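Below: run-v9.cif (mmCIF, C-alpha atoms and all ligand atoms)
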```
data_coords
loop_
_atom_site.label_atom_id
_atom_site.label_comp_id
_atom_site.auth_asym_id
_atom_site.auth_seq_id
_atom_site.Cartn_x
_atom_site.Cartn_y
_atom_site.Cartn_z
CA MET A 1 10.56 18.62 21.90
CA GLY A 2 10.16 19.99 25.44
CA SER A 3 7.04 19.60 27.57
CA ASP A 4 5.86 23.17 26.89
CA SER A 5 6.73 23.49 23.15
CA PRO A 6 3.79 23.95 20.76
CA HIS A 7 3.02 21.23 18.27
CA LEU A 8 0.62 20.83 15.39
CA MET A 9 -2.01 18.07 15.18
CA GLU A 10 -3.29 17.09 11.75
CA PHE A 11 -5.90 14.34 11.30
CA PRO A 12 -7.57 12.47 8.45
CA ARG A 13 -10.86 14.23 7.70
CA LYS A 14 -12.92 11.17 6.73
CA ILE A 15 -12.35 7.49 7.42
CA LEU A 16 -14.62 4.89 5.82
CA ILE A 17 -14.33 1.25 6.93
CA GLY A 18 -16.46 -1.73 5.91
CA PRO A 19 -16.96 -4.56 3.43
CA ASN A 20 -17.10 -3.55 -0.26
CA VAL A 21 -16.68 0.17 0.47
CA ILE A 22 -14.24 0.30 -2.45
CA GLN A 23 -17.28 0.44 -4.70
CA ASN A 24 -18.13 3.78 -3.04
CA LEU A 25 -14.77 5.37 -3.81
CA GLY A 26 -16.38 7.88 -6.23
CA PRO A 27 -18.95 9.33 -3.78
CA PHE A 28 -16.41 9.13 -0.95
CA LEU A 29 -13.98 11.36 -2.87
CA THR A 30 -16.77 13.69 -4.00
CA ALA A 31 -17.92 14.11 -0.37
CA LEU A 32 -14.49 15.49 0.52
CA ASN A 33 -15.60 18.65 -1.33
CA ASN A 34 -12.17 19.39 -2.77
CA ASN A 35 -13.27 19.48 -6.44
CA PHE A 36 -10.83 16.76 -7.41
CA VAL A 37 -10.89 15.72 -11.07
CA ASN A 38 -7.49 14.24 -11.95
CA LEU A 39 -6.46 11.40 -9.65
CA ALA A 40 -3.08 9.69 -9.59
CA ILE A 41 -3.52 6.19 -8.20
CA VAL A 42 -0.30 4.53 -6.98
CA THR A 43 -0.57 0.77 -6.58
CA GLY A 44 1.27 -2.55 -6.75
CA LYS A 45 1.33 -5.03 -9.64
CA ASN A 46 -0.66 -7.69 -7.72
CA VAL A 47 -3.17 -5.23 -6.30
CA LYS A 48 -4.07 -3.41 -9.51
CA PRO A 49 -5.84 -6.32 -11.28
CA ARG A 50 -7.87 -6.96 -8.09
CA VAL A 51 -9.00 -3.41 -7.41
CA HIS A 52 -9.11 -1.67 -10.78
CA PRO A 53 -12.30 -3.47 -11.98
CA LEU A 54 -13.99 -2.83 -8.61
CA CYS A 55 -13.74 0.96 -8.67
CA GLN A 56 -13.31 1.93 -12.35
CA SER A 57 -16.97 2.43 -13.24
CA CYS A 58 -17.65 4.22 -9.95
CA LEU A 59 -14.84 6.70 -10.61
CA THR A 60 -16.04 7.31 -14.17
CA ASP A 61 -19.64 7.77 -12.96
CA TYR A 62 -18.45 10.53 -10.67
CA SER A 63 -16.44 12.19 -13.48
CA PHE A 64 -12.97 11.45 -12.14
CA ARG A 65 -10.04 11.00 -14.51
CA ASP A 66 -7.77 8.36 -13.06
CA SER A 67 -4.17 7.57 -14.02
CA TRP A 68 -2.69 4.42 -12.51
CA TYR A 69 0.98 3.99 -11.58
CA VAL A 70 2.48 0.64 -10.55
CA VAL A 71 5.39 0.66 -8.08
CA ASN A 72 7.57 -2.30 -7.14
CA ALA A 73 9.55 -1.04 -4.17
CA ALA A 74 9.35 1.56 -1.40
CA THR A 75 12.53 3.35 -2.47
CA MET A 76 13.46 6.93 -3.23
CA ASP A 77 14.07 5.82 -6.85
CA SER A 78 10.37 4.87 -7.13
CA VAL A 79 9.38 8.18 -5.53
CA ARG A 80 11.56 10.23 -7.90
CA SER A 81 10.44 8.45 -11.06
CA LEU A 82 6.77 8.87 -10.10
CA GLU A 83 7.31 12.55 -9.39
CA GLU A 84 8.89 12.99 -12.80
CA SER A 85 5.97 11.32 -14.55
CA MET A 86 3.43 13.46 -12.67
CA THR A 87 5.03 16.88 -13.06
CA SER A 88 3.61 17.42 -16.56
CA TYR A 89 -0.03 17.32 -15.42
CA LEU A 90 0.02 17.58 -11.57
CA PRO A 91 -2.89 15.47 -10.27
CA ASP A 92 -5.46 17.04 -7.91
CA ALA A 93 -4.97 14.21 -5.43
CA ILE A 94 -2.74 11.18 -5.04
CA LEU A 95 -4.14 7.87 -3.81
CA GLY A 96 -1.97 5.15 -2.26
CA PHE A 97 -3.84 2.01 -3.17
CA GLY A 98 -2.42 -1.24 -1.80
CA GLY A 99 -0.09 -2.58 0.84
CA GLY A 100 2.58 -0.76 2.81
CA ARG A 101 4.78 0.02 -0.19
CA SER A 102 2.19 1.75 -2.37
CA VAL A 103 0.82 3.73 0.57
CA ASP A 104 4.32 4.85 1.62
CA VAL A 105 5.47 5.81 -1.88
CA ALA A 106 2.23 7.65 -2.68
CA LYS A 107 2.36 9.52 0.65
CA MET A 108 5.92 10.65 -0.02
CA VAL A 109 5.15 11.74 -3.61
CA ALA A 110 2.06 13.65 -2.41
CA PHE A 111 4.16 15.39 0.23
CA ASP A 112 6.89 16.39 -2.24
CA LEU A 113 4.41 17.59 -4.88
CA ARG A 114 2.22 19.29 -2.22
CA ARG A 115 -0.89 17.36 -3.25
CA PRO A 116 -3.56 15.90 -0.93
CA PHE A 117 -2.99 12.23 -0.12
CA ILE A 118 -5.70 9.59 0.27
CA SER A 119 -4.91 6.23 1.82
CA VAL A 120 -6.66 3.13 0.46
CA PRO A 121 -5.01 0.16 2.21
CA THR A 122 -5.60 -3.34 0.84
CA SER A 123 -3.55 -5.03 3.55
CA ALA A 124 -3.41 -4.37 7.29
CA SER A 125 0.37 -4.67 7.52
CA HIS A 126 1.46 -1.51 9.41
CA ASP A 127 0.24 1.67 11.06
CA GLY A 128 1.31 4.02 8.24
CA ILE A 129 -2.24 3.74 6.85
CA SER A 130 -3.43 6.82 8.74
CA SER A 131 -0.22 8.42 10.04
CA PRO A 132 1.97 11.11 8.47
CA PHE A 133 5.04 8.81 8.60
CA VAL A 134 6.71 6.90 5.78
CA SER A 135 9.41 4.25 5.60
CA ILE A 136 11.34 4.64 2.36
CA ARG A 137 14.69 3.13 1.47
CA GLY A 138 17.30 5.44 0.04
CA ILE A 139 16.85 8.44 2.33
CA ASP A 140 19.66 9.45 4.65
CA LYS A 141 17.78 8.46 7.82
CA PRO A 142 17.49 4.87 9.05
CA PHE A 143 13.98 5.41 10.41
CA SER A 144 10.61 6.64 9.17
CA VAL A 145 10.29 10.28 8.12
CA GLN A 146 7.39 12.70 8.42
CA ALA A 147 5.23 13.60 5.43
CA ASN A 148 1.59 14.77 5.57
CA THR A 149 -1.31 13.06 7.32
CA PRO A 150 -3.70 11.44 4.82
CA LEU A 151 -6.67 13.66 4.01
CA ALA A 152 -8.90 10.57 4.10
CA VAL A 153 -8.72 6.80 4.55
CA LEU A 154 -10.89 4.19 2.87
CA ALA A 155 -10.43 0.65 4.23
CA ASP A 156 -12.42 -2.11 2.54
CA THR A 157 -12.52 -5.02 5.00
CA LYS A 158 -13.48 -7.47 2.24
CA LEU A 159 -10.33 -6.57 0.25
CA LEU A 160 -8.27 -6.63 3.46
CA SER A 161 -9.55 -10.13 4.25
CA GLU A 162 -8.36 -11.36 0.85
CA ALA A 163 -4.76 -10.17 1.39
CA PRO A 164 -2.14 -12.80 2.33
CA LYS A 165 -2.50 -13.64 6.02
CA ARG A 166 1.17 -12.89 6.66
CA LEU A 167 0.50 -9.18 6.07
CA LEU A 168 -2.15 -9.08 8.77
CA SER A 169 0.17 -10.95 11.18
CA SER A 170 2.77 -8.28 10.49
CA GLY A 171 0.21 -5.57 11.28
CA CYS A 172 -0.40 -7.26 14.64
CA GLY A 173 3.38 -7.15 15.27
CA ASP A 174 3.36 -3.40 14.62
CA LEU A 175 0.46 -3.09 17.08
CA VAL A 176 1.86 -5.08 20.03
CA ALA A 177 4.93 -2.82 19.68
CA LYS A 178 2.95 0.04 21.21
CA VAL A 179 3.28 -1.50 24.70
CA THR A 180 7.05 -0.95 24.66
CA ALA A 181 6.92 2.26 22.58
CA VAL A 182 4.66 3.89 25.16
CA LYS A 183 6.87 2.66 28.04
CA ASP A 184 9.89 4.18 26.28
CA TRP A 185 8.05 7.47 25.90
CA GLN A 186 7.21 7.53 29.64
CA LEU A 187 10.84 6.81 30.40
CA ALA A 188 11.97 9.68 28.16
CA LYS A 189 9.62 12.03 29.97
CA GLU A 190 11.05 11.00 33.35
CA GLU A 191 14.70 11.02 32.30
CA THR A 192 14.91 13.85 29.77
CA ASN A 193 11.74 15.93 30.37
CA GLU A 194 10.62 15.19 26.82
CA TYR A 195 7.07 16.23 25.92
CA TYR A 196 4.68 13.39 26.82
CA GLY A 197 1.05 13.38 25.77
CA ALA A 198 -1.01 11.09 28.00
CA TYR A 199 -3.94 11.02 25.57
CA ALA A 200 -1.79 9.98 22.58
CA ALA A 201 0.09 7.47 24.73
CA ASN A 202 -3.13 5.88 26.00
CA LEU A 203 -4.63 5.71 22.52
CA ALA A 204 -1.54 3.95 21.15
CA TYR A 205 -1.42 1.64 24.17
CA MET A 206 -5.09 0.75 23.72
CA SER A 207 -4.48 -0.32 20.12
CA ALA A 208 -1.88 -2.81 21.41
CA LYS A 209 -4.00 -3.94 24.34
CA ILE A 210 -7.03 -4.69 22.21
CA ILE A 211 -4.91 -7.03 20.06
CA ILE A 212 -3.23 -8.66 23.06
CA ASP A 213 -6.60 -9.15 24.81
CA MET A 214 -8.09 -10.62 21.66
CA PHE A 215 -5.27 -12.94 20.64
CA SER A 216 -3.08 -13.79 23.65
CA GLY A 217 -5.44 -16.62 24.61
CA GLU A 218 -6.83 -17.81 21.30
CA LYS A 219 -5.77 -18.30 17.71
CA TYR A 220 -6.63 -15.90 14.93
CA GLU A 221 -9.66 -17.25 13.04
CA ASP A 222 -9.73 -14.96 10.02
CA THR A 223 -13.17 -13.51 10.59
CA GLN A 224 -14.39 -10.12 9.38
CA ARG A 225 -14.68 -9.03 13.03
CA GLU A 226 -10.98 -9.72 13.66
CA ILE A 227 -9.88 -7.95 10.49
CA ARG A 228 -11.98 -4.96 11.40
CA THR A 229 -10.46 -4.87 14.89
CA VAL A 230 -6.92 -4.98 13.50
CA ILE A 231 -7.52 -2.29 10.87
CA GLU A 232 -9.27 -0.04 13.38
CA ALA A 233 -6.39 -0.52 15.83
CA LEU A 234 -3.85 0.36 13.10
CA ILE A 235 -5.80 3.49 12.18
CA SER A 236 -6.07 4.48 15.89
CA ALA A 237 -2.33 4.01 16.35
CA GLY A 238 -1.69 6.25 13.33
CA VAL A 239 -4.05 8.85 14.78
CA ALA A 240 -2.15 8.63 18.10
CA SER A 241 0.94 9.76 16.13
CA CYS A 242 -1.09 12.62 14.64
CA ILE A 243 -2.04 13.73 18.17
CA ALA A 244 1.52 13.41 19.48
CA GLY A 245 2.89 15.26 16.46
CA SER A 246 5.59 12.58 16.21
CA SER A 247 5.92 8.82 15.89
CA ARG A 248 6.77 8.62 19.63
CA PRO A 249 3.65 6.74 20.84
CA CYS A 250 4.08 4.10 18.13
CA SER A 251 7.80 3.65 17.80
CA GLY A 252 10.38 2.96 20.52
CA ALA A 253 13.33 0.63 21.04
CA GLU A 254 11.54 -2.26 19.26
CA HIS A 255 11.47 -0.13 16.07
CA LEU A 256 15.14 0.83 16.53
CA PHE A 257 15.91 -2.89 16.73
CA SER A 258 13.99 -3.48 13.48
CA HIS A 259 15.90 -0.69 11.70
CA ALA A 260 19.19 -2.11 13.06
CA VAL A 261 18.34 -5.53 11.59
CA GLU A 262 18.07 -3.89 8.17
CA TYR A 263 21.53 -2.38 8.69
CA VAL A 264 23.14 -5.55 9.98
CA ALA A 265 21.49 -8.19 7.80
CA GLY A 266 20.27 -6.12 4.85
CA HIS A 267 16.74 -5.96 3.47
CA GLY A 268 14.60 -9.02 2.91
CA PHE A 269 14.54 -10.41 6.45
CA GLY A 270 10.91 -10.30 7.44
CA LEU A 271 8.27 -7.62 7.08
CA HIS A 272 8.38 -4.41 9.14
CA GLY A 273 5.80 -5.61 11.68
CA GLU A 274 7.44 -9.05 11.95
CA ARG A 275 10.82 -7.57 12.90
CA VAL A 276 9.18 -5.07 15.22
CA GLY A 277 7.21 -7.87 16.93
CA LEU A 278 10.43 -9.75 17.62
CA GLY A 279 11.95 -6.57 19.01
CA THR A 280 8.91 -6.05 21.24
CA ILE A 281 9.44 -9.43 22.95
CA MET A 282 12.98 -8.42 23.95
CA MET A 283 12.20 -4.81 24.89
CA ALA A 284 9.20 -5.99 26.96
CA LYS A 285 11.62 -8.17 28.93
CA LEU A 286 13.94 -5.18 29.51
CA HIS A 287 10.98 -3.09 30.69
CA GLY A 288 9.89 -5.83 33.10
CA LEU A 289 6.60 -6.34 31.20
CA ASP A 290 4.77 -9.61 30.58
CA TRP A 291 6.83 -10.60 27.51
CA GLU A 292 5.32 -14.11 27.43
CA LYS A 293 1.94 -12.55 26.69
CA VAL A 294 3.54 -10.74 23.75
CA VAL A 295 4.98 -14.07 22.52
CA ASN A 296 1.59 -15.81 22.84
CA THR A 297 -0.17 -13.02 20.95
CA LEU A 298 2.36 -13.10 18.12
CA ARG A 299 2.18 -16.90 17.93
CA ASN A 300 -1.61 -16.90 17.82
CA VAL A 301 -1.71 -14.44 14.94
CA GLY A 302 0.94 -16.46 13.09
CA ALA A 303 3.76 -13.90 13.45
CA PRO A 304 7.38 -15.00 14.03
CA THR A 305 8.72 -15.17 17.60
CA THR A 306 12.23 -16.45 16.85
CA ALA A 307 15.21 -15.25 14.81
CA LYS A 308 15.19 -18.46 12.82
CA GLU A 309 11.66 -17.85 11.53
CA LEU A 310 12.92 -14.58 10.03
CA GLY A 311 16.00 -16.24 8.55
CA LEU A 312 18.33 -14.41 10.97
CA ASN A 313 21.19 -16.00 12.88
CA ASP A 314 22.18 -15.42 16.52
CA GLN A 315 25.01 -13.04 15.65
CA GLN A 316 22.76 -10.82 13.54
CA ILE A 317 20.28 -10.51 16.43
CA VAL A 318 23.02 -9.68 18.95
CA SER A 319 24.67 -7.11 16.64
CA SER A 320 21.29 -5.48 15.95
CA LEU A 321 20.51 -5.24 19.68
CA VAL A 322 23.88 -3.63 20.38
CA MET A 323 23.60 -1.22 17.43
CA ALA A 324 19.93 -0.18 17.85
CA ARG A 325 20.37 2.68 20.30
CA SER A 326 22.97 4.44 18.15
CA LEU A 327 20.59 4.79 15.18
CA ARG A 328 18.55 7.54 16.71
CA PRO A 329 20.33 9.23 19.62
CA ASP A 330 17.53 11.81 20.04
CA ARG A 331 15.01 9.07 20.89
CA TYR A 332 15.52 8.05 24.51
CA THR A 333 14.47 4.44 25.14
CA ILE A 334 15.09 1.56 27.52
CA LEU A 335 18.27 0.87 25.51
CA ASP A 336 19.76 4.11 26.87
CA GLU A 337 19.17 2.78 30.39
CA VAL A 338 20.41 -0.75 29.85
CA LYS A 339 23.25 -0.11 27.34
CA LEU A 340 23.51 -3.63 25.97
CA ASP A 341 26.90 -5.10 25.07
CA HIS A 342 27.56 -8.33 23.20
CA SER A 343 27.19 -10.58 26.20
CA SER A 344 24.11 -8.92 27.77
CA ALA A 345 22.42 -8.79 24.33
CA LEU A 346 23.11 -12.51 23.87
CA ASN A 347 21.65 -13.24 27.31
CA LEU A 348 18.58 -11.14 26.61
CA ALA A 349 17.80 -12.81 23.27
CA ARG A 350 18.33 -16.26 24.82
CA SER A 351 16.22 -15.51 27.89
CA VAL A 352 13.12 -14.94 25.73
CA SER A 353 13.99 -17.76 23.28
CA VAL A 354 14.37 -15.40 20.31
CA ILE A 355 17.64 -17.27 19.70
ZN ZN B 401 5.90 0.48 12.79
#
```
How would this structure read if it were set down as structure tokens?
Amino acid sequence: MGSDSPHLMEFPRKILIGPNVIQNLGPFLTALNNNFVNLAIVTGKNVKPRVHPLCQSCLTDYSFRDSWYVVNAATMDSVRSLEESMTSYLPDAILGFGGGRSVDVAKMVAFDLRRPFISVPTSASHDGISSPFVSIRGIDKPFSVQANTPLAVLADTKLLSEAPKRLLSSGCGDLVAKVTAVKDWQLAKEETNEYYGAYAANLAYMSAKIIIDMFSGEKYEDTQREIRTVIEALISAGVASCIAGSSRPCSGAEHLFSHAVEYVAGHGFGLHGERVGLGTIMMAKLHGLDWEKVVNTLRNVGAPTTAKELGLNDQQIVSSLVMARSLRPDRYTILDEVKLDHSSALNLARSVSVI
């Protein structure tokens, strides 16, 4: 996209954050004024028993008819089978209720079936909560694809605080990534005259900075205040993507590295934000940023800072670094400046103690 091309901004219309807000799901949906009756709720097998009893009576009180669908994986197979089961009655709205997987699958199904999508995250694991982007396995692209922005977001901080801590650490990894993503975007503007939106860039950068300021000096204590800060930062980062009209402010070379790891090592090596956090350490070094501050932040939130912690060996890290820039040639990043080969990639990973 050039600097004078038009682009569309689409935002969530209502965002409700706070403890126990799940019990207000009925009035929240009614207040959207869309006359929804039939709801398809996409969730995970561990999340459903936790959340179903909390919102069932409220949904019934407000005359909603809810059908629940349990998904196991964020794959195109899950998307297709859900779409098949929904075509006979077409729900008025689709809710993604759970962690990253349920939100991603529900967002994709809603996009394909042209239904409104409502995001109800129960873990703060990545910035897809409020953005139009989804990461689904089984599509022909190795990176996230664009669907529709959620119509609304409801984030219950009590539920979020009960999620496994590792998910929140991963969310922090996806947030610190914005320091290198924004630097890559600036670089692309200078080198290729790509459209650059200062407002979106600053908003994304701020969501990283708030986490780095909060955690680079002290350990994560698991308080409601910290959870609220992380979820608000993730929502702001998603909104930054809505403003930019692309994932640019949130996803640079550190995300390309994470996608390359999935190519090189396969799936099952860390969560999205964990891999991205590791990538951020190395890309921060290439950008000449304070990478040690990134390491300290990740350590203090309990996120991995070495290949070993993710179960990856030295060779897998080096191969991923070398491969990363080829995955998305249209996205100019620091990797297009540095052009890592085997030996410079090895030196880079060693210099920041990732390997
Ligand atoms: Zn991400």
Quick one: residues within 9 Å of (-0.9, 0.3, -1.3) (file frame), counting all atoms listed in the file, please, as a PyMOL selection string.
chain A and resi 42-44+47+95-106+119-123+129
Show which residues sit within 10 Å of region 143-148 of chain A, as a short mmCIF file (atom, residue, chain, number, x, y, z; two decimals) with C-alpha atoms, in the frame of the given file. Count only C-alpha atoms, and ignore same-chain residues fewer than 4 positions away.
```cif
data_model
loop_
_atom_site.label_atom_id
_atom_site.label_comp_id
_atom_site.auth_asym_id
_atom_site.auth_seq_id
_atom_site.Cartn_x
_atom_site.Cartn_y
_atom_site.Cartn_z
CA GLU A 10 -3.29 17.09 11.75
CA PHE A 11 -5.90 14.34 11.30
CA PRO A 12 -7.57 12.47 8.45
CA ASP A 104 4.32 4.85 1.62
CA LYS A 107 2.36 9.52 0.65
CA MET A 108 5.92 10.65 -0.02
CA VAL A 109 5.15 11.74 -3.61
CA ALA A 110 2.06 13.65 -2.41
CA PHE A 111 4.16 15.39 0.23
CA ASP A 112 6.89 16.39 -2.24
CA ARG A 114 2.22 19.29 -2.22
CA ARG A 115 -0.89 17.36 -3.25
CA PRO A 116 -3.56 15.90 -0.93
CA PHE A 117 -2.99 12.23 -0.12
CA GLY A 128 1.31 4.02 8.24
CA SER A 130 -3.43 6.82 8.74
CA SER A 131 -0.22 8.42 10.04
CA PRO A 132 1.97 11.11 8.47
CA PHE A 133 5.04 8.81 8.60
CA VAL A 134 6.71 6.90 5.78
CA SER A 135 9.41 4.25 5.60
CA ILE A 136 11.34 4.64 2.36
CA ARG A 137 14.69 3.13 1.47
CA ILE A 139 16.85 8.44 2.33
CA CYS A 242 -1.09 12.62 14.64
CA GLY A 245 2.89 15.26 16.46
CA SER A 246 5.59 12.58 16.21
CA SER A 247 5.92 8.82 15.89
CA SER A 251 7.80 3.65 17.80
CA HIS A 255 11.47 -0.13 16.07
CA LEU A 256 15.14 0.83 16.53
CA SER A 258 13.99 -3.48 13.48
CA HIS A 259 15.90 -0.69 11.70
CA ALA A 260 19.19 -2.11 13.06
CA LEU A 327 20.59 4.79 15.18
CA ARG A 328 18.55 7.54 16.71
#
```
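With all atoms listed in the file as the atoms that count, the residue of A:Leu312, A:Ile118, A:Ala201, A:Val294 with the shortest distance to Leu151 (chain A) is A:Ile118.
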Listing only residues of chain A within 7 Å of ligand ZN 401 (chain B), what is the closest atom pair and its distance in Å (to one decimal) for each, using all atoms listed in the file, sorted by chain and residue number ascending, as a tab-separated table?
```
residue	atom	partner	partner_atom	distance
A:His126	CA	B:ZN401	ZN	5.9
A:Asp127	CA	B:ZN401	ZN	6.0
A:Asp174	CA	B:ZN401	ZN	5.0
A:Cys250	CA	B:ZN401	ZN	6.7
A:Ser251	CA	B:ZN401	ZN	6.2
A:His255	CA	B:ZN401	ZN	6.5
A:His272	CA	B:ZN401	ZN	6.6
A:Gly273	CA	B:ZN401	ZN	6.2
A:Val276	CA	B:ZN401	ZN	6.9
```
What does the distance between CA of Ser326 (chain A) and CA of Met283 (chain A) come to in Å, to one decimal place?
15.7 Å
Find the spatial neighbours of Thr192 (chain A), counting only C-alpha atoms, within a cut-off of 12 Å - ignore same-chain residues fewer than 4 positions away - and output them as a PyMOL selection string.
chain A and resi 1-3+184-188+196+330-333+336-337
For Pro49 (chain A), which of A:Ala208, A:Arg299, A:His7, A:Val70 is the closest residue, counting all atoms listed in the file?
A:Val70
Just the residues within 7 Å of Ala237 (chain A), please, counting all atoms listed in the file, with nothing from its chain fewer than 2 positions along; format it as a PDB file with C-alpha atoms, keeping the file's coordinate frame.
```pdb
ATOM      1  CA  ASP A 127       0.240   1.670  11.060  1.00  0.00           C
ATOM      2  CA  LEU A 203      -4.630   5.710  22.520  1.00  0.00           C
ATOM      3  CA  ALA A 204      -1.540   3.950  21.150  1.00  0.00           C
ATOM      4  CA  SER A 207      -4.480  -0.320  20.120  1.00  0.00           C
ATOM      5  CA  ALA A 233      -6.390  -0.520  15.830  1.00  0.00           C
ATOM      6  CA  LEU A 234      -3.850   0.360  13.100  1.00  0.00           C
ATOM      7  CA  ILE A 235      -5.800   3.490  12.180  1.00  0.00           C
ATOM      8  CA  VAL A 239      -4.050   8.850  14.780  1.00  0.00           C
ATOM      9  CA  ALA A 240      -2.150   8.630  18.100  1.00  0.00           C
ATOM     10  CA  SER A 241       0.940   9.760  16.130  1.00  0.00           C
ATOM     11  CA  CYS A 250       4.080   4.100  18.130  1.00  0.00           C
TER      12      CYS A 250
END
```
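Distances from A:Val352, A:Val301, A:Val261, A:Cys55 to Ala324 (chain A) were compared using all atoms listed in the file, and the smallest one belongs to A:Val261.
Candidate residues A:Ala124, A:Ile334, A:Ser67, A:Leu16 were compared for distance to Leu167 (chain A), and the nearest is A:Ala124, using all atoms listed in the file.
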Pairwise distance for CA of Val182 (chain A) and CA of Leu289 (chain A), rounded to one decimal in Å
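Those two atoms sit 12.0 Å apart.
Minimum distance to Gly277 (chain A) across A:Asn193, A:Ser88, A:Asn72, A:Ser170 (counting only C-alpha atoms) occurs at A:Ser170.
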Point out the residue among A:Asn38, A:Thr306, A:Thr60, A:Ser343 with the least atom-to-atom distance to Pro91 (chain A), counting only C-alpha atoms.
A:Asn38
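Across the model, the gap from CA of Leu298 (chain A) to CA of Val153 (chain A) is 26.5 Å.
If you count all atoms listed in the file and ignore residues fewer than 4 places along the chain from Asp66 (chain A), what sits within 12 Å of it is Leu25, Gly26, Phe36, Val37, Asn38, Leu39, Ala40, Ile41, Val42, His52, Cys55, Gln56, Ser57, Cys58, Leu59, Thr60, Asp61, Tyr62, Pro91, Asp92, Ala93, Ile94 and Leu95 of chain A.
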